[in-house]
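J.: Can you read through this structure? Questions will come right after.
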Amino acid sequence: MSEQELIRRNSLNELIRLGIDPFPPQTFEVNAKASEIKSGFPGDPSLFQQVSMAGRIMSRRIMGAASFTELQDESGRIQLYIKRDELCPGEDKTLYNTVFKKLLDIGDIIGITGYVFITQMGEITVHVQSLRLLSKSLRVLPIVKEKEDTVFDAYTDPEQRYRQRYVDLIVNPGVREVFVQRNKLVNSMRNYLNNKGYLEVETPVLQPLYGGAAARPFKTFHNTLEMTLYLRIANELYLKRLIVGGYDGVFEFSKDFRNEGMDRFHNPEFTQMELYVAYKDYEWMMSLVEEMVEKIAFDLHGTTVVQVGEHQIDFKRPWKRFTMYEVIHHFTGATIDGMDEESLTALALSLDVPIDKTMAKGKIIDQIFGEKCEPYLIQPTFITDYPIEMSPLAKKHRDKPGLVERFEAICNGKELCNAFSELNDPLDQRGRFESQMELGKRGDDESMVLDEDFLRALEFGMPPTAGLGIGIDRLSMIMTNSPSIQDVLFFPQMRPEKKISE
RNA sequence: CUCUCCGUAGCUCAGCUGGUAGAGCAAUUGACUCUUAAUCAAUGGGCCGCAGGUUCGAGCCCUGCCGGGGAGACCA
């Protein structure tokens with residue numbers, strides 16, 4: 001244990017010896033937050049003559065018989081002024097001289113009462129009349145200081161920030177704000193969907209067969225049933241069963257799990273919102289996405305323009321729309337309409353796009369798109385009409401053979417959502433599953449598996465349906481200008497620590 | 001999985017061609033009743049990520065391992 005931790009434990013014992021419970025059980029009534037005081041006091045000082053606040057001590061400036069301290073609550077920080085003879089009006093000055101000056105530390109959680117005033121230096125400050133320890137802190141916080149927007153000794157080590165997110169949240173106020181924004185985003189989306197009358201549902205995370213996307217799953221085992229189960233990679237097939245069951249619009253915010261690599265755009269568990277609406281097609285769904293995301297941008301920022309890294313991204317409707325073939329032609333000059341696998345392979349090689357033998361026609365096209373087009377699409381753009389081979393759950397295009405009615409929205413060079421007119425022909429669907437199994441035999445370990453129960457559901461009849469999956473983490477990154485997915489997840493996946501120091 | 005950078009006090013970081021470990025903040029003791037990166041004086045605090053090797057001698061050089069960042073591969 002470090003020297004400072006030992007000193008804090010001694011202080012803890014000293015407090016107990018003085019009859020002060022370092023972790024008292026009673027509630028502490030709070031009637032004011034730091035930000036409310038700062039914004040409200042100049043307008044009406046009379047409202048803040050008897051405030052009661054709780055929070056964490058973040059700095060201390062002791063000048064003999066008077067001190068300034070910064071208290072941090074959920075809303076922010078405010079300065080406290082503590083005067084010995086007011087905190088301890090009688091003979092006994094222990095509370096100030098010993099408890100406050102010696103035994104309390106940065107990081108301790110206290111409750112105070114007092115009145116608000118403005119110091120000679122012009123800072124809104126709470127003049128403390130009573131002070132109570134609410135929780136003793138035994139570990140030393142990183143000390144971050146700031147003056148005129150310059151931050152000193154910023155707590156920036158990514159490993160520590162993610163492993164000890166609680167410290168990150170205490171010390172870096174901007175981090176708490178990111179997650180508030182993420183919550184606003186989810187609420188905005190949920191409200192939008194609720195207002196349309198769609199039903200929010202929950203479907204299984206543990207699935208006997210994984211489906212609805214192309215990805216490797218996590219595998220687990222149920223002891224009582226003695227069977228292998230998979231953590232869902234998507235919830236698509238369950239939501240479609242509910243459309244078969246008669247709901248006209250269902251959606252789910254779902255944690256999905258994919259056993260793939262990790263980088264700043266991928267975490268093994270991530271959040272998607274999937275939506276299915278009966279009697280609609282992908283054209284209709286494109287309009288919904290535009291409207292919904294535009295509304296989210298506006299709800300979060302009061303404008304449709306969002307600063308993301310070096311780019312200003314404008315979500316104002318309508319977004320640009322290109323077919324997959326158009327956009328590949330635009331960026332490479334190649335016309336791939338009608339090309340067979342052989343000439344696509346040759347094209348990929350000539351463009352320096354890496355491919356391998358497991359890739360069939362659809363995947364090669366996707367690879368060319370991913371290498372040569374996607375990274376350059378910064379403003380929100382719809383890419384439509386994908387090759388059928390890579391879209392086994394999407395409906396055949398109404399008038400373009402070999403393609404499906406599918407779109408993705410690309411933004412800041414990354415996929416934001418994936419959607420299609422859902423395939424509801426059970427015979428076609430069975431054929432698609434079978435060709436997926438062919439791809440599996442060829443070596444594609446992400447090809448889909450055949451789900452007989454899902455096919456049975458389709459055989460009962462599913463209305464024509466539009467479906468959407470939208471990545472909540474990705475959208476949060478864009479909306480909060482966060483360069484890494486780890487910045488929008490409280491607890492991103494990490495290797496375990498060797499040991500946690502005692 | 002490959003390449004690359006990084007790991008030194010509670011935190012942020014110095015540490016030169018290898019020669020007994022340094023600063024600021026934080027802490028301790030003292031002074032100070034409007035300070036704000038408070039100030040002033042004094043003091044303590046280190047398995048230099050771990051393990052091996054080279055060397056008279058390693059924080060520094062070499063090898064392996066652990067953890068992290070970035071870039072690639074895979075994916076959303």
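Note on naming: chains are A, B, ... as they come in the structure tokens, residues start from 1 per chain, ligands start from 1 in the order shown.
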Considering only C-alpha atoms (C1' of nucleotides), extract the chain B residues located within 10 Å of chain A and return them as a PyMOL selection string.

T.: chain B and resi 1+9-13+24-28+31-39+44-45+66-70+73-76

J.: Enumerate the residues of region 33-128 of chain A with a DSSP assignment of helix (DSSP H, G or I), computed from the backbone, and present them as a list in words.

T.: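 Listing helix (DSSP H, G or I) positions across region 33-128 of chain A yields Ala34, Ser35, Glu36, Ile37, Lys38, Ser39, Gly40, Pro45, Ser46, Leu47, Phe48, Arg84, Asp85, Glu86, Leu87, Thr94, Leu95, Tyr96, Asn97, Thr98, Val99, Phe100, Lys101, Lys102 and Leu103 of chain A.
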
J.: Run DSSP on the backbone of this structure and report the residues of region 9-226 of chain A it assigns to strand (DSSP E), as an NGL selection string.

T.: :A and (51-63 or 66-73 or 76-83 or 109-118 or 124-135 or 145-147 or 150-152 or 199-200 or 206-207 or 219-222)

J.: Can you tell me which residues surround region 47-50 of chain B at a distance of at most 6 Å, considering only C-alpha atoms (C1' of nucleotides), apart from same-chain residues fewer than 2 positions away, and format the answer as a ChimeraX atom specification?

T.: /B:7-8,59

J.: Need the shell around Met285 (chain A): protein/DNA/RNA residues with any atom at most 12 Å away, counting only C-alpha atoms (C1' of nucleotides). Skip same-chain ones fewer than 2 positions apart. Format as JSON, numbers by chain?

T.: {"A": [274, 275, 276, 277, 278, 279, 280, 281, 282, 283, 287, 288, 289, 290, 291, 292, 382, 384, 405, 406, 407, 408, 409, 417, 418, 419, 420, 421, 422, 465, 466, 467, 468, 469, 470]}

J.: Pick out the closest residue to Ser130 (chain A) from this set: A:Ser11, A:Gln486, A:Ser52, A:Gln181. Count only C-alpha atoms.

T.: A:Ser52

J.: Would you pick out the contacts of Thr98 (chain A) at 12 Å or less, using only C-alpha atoms (C1' of nucleotides), so that residues sharing its chain but fewer than 4 positions from it are not included, and give the list as number ranges by chain?

T.: A: 11, 14-15, 18, 20, 65, 84, 88, 92-94, 102-105

J.: For Glu389 (chain A), work out the shell of residues within 8 Å, counting only C-alpha atoms (C1' of nucleotides) and skipping chain neighbours fewer than 4 positions away, then give it as a list in words.

T.: Ala360, Lys361, Gly362 and Lys363 of chain A
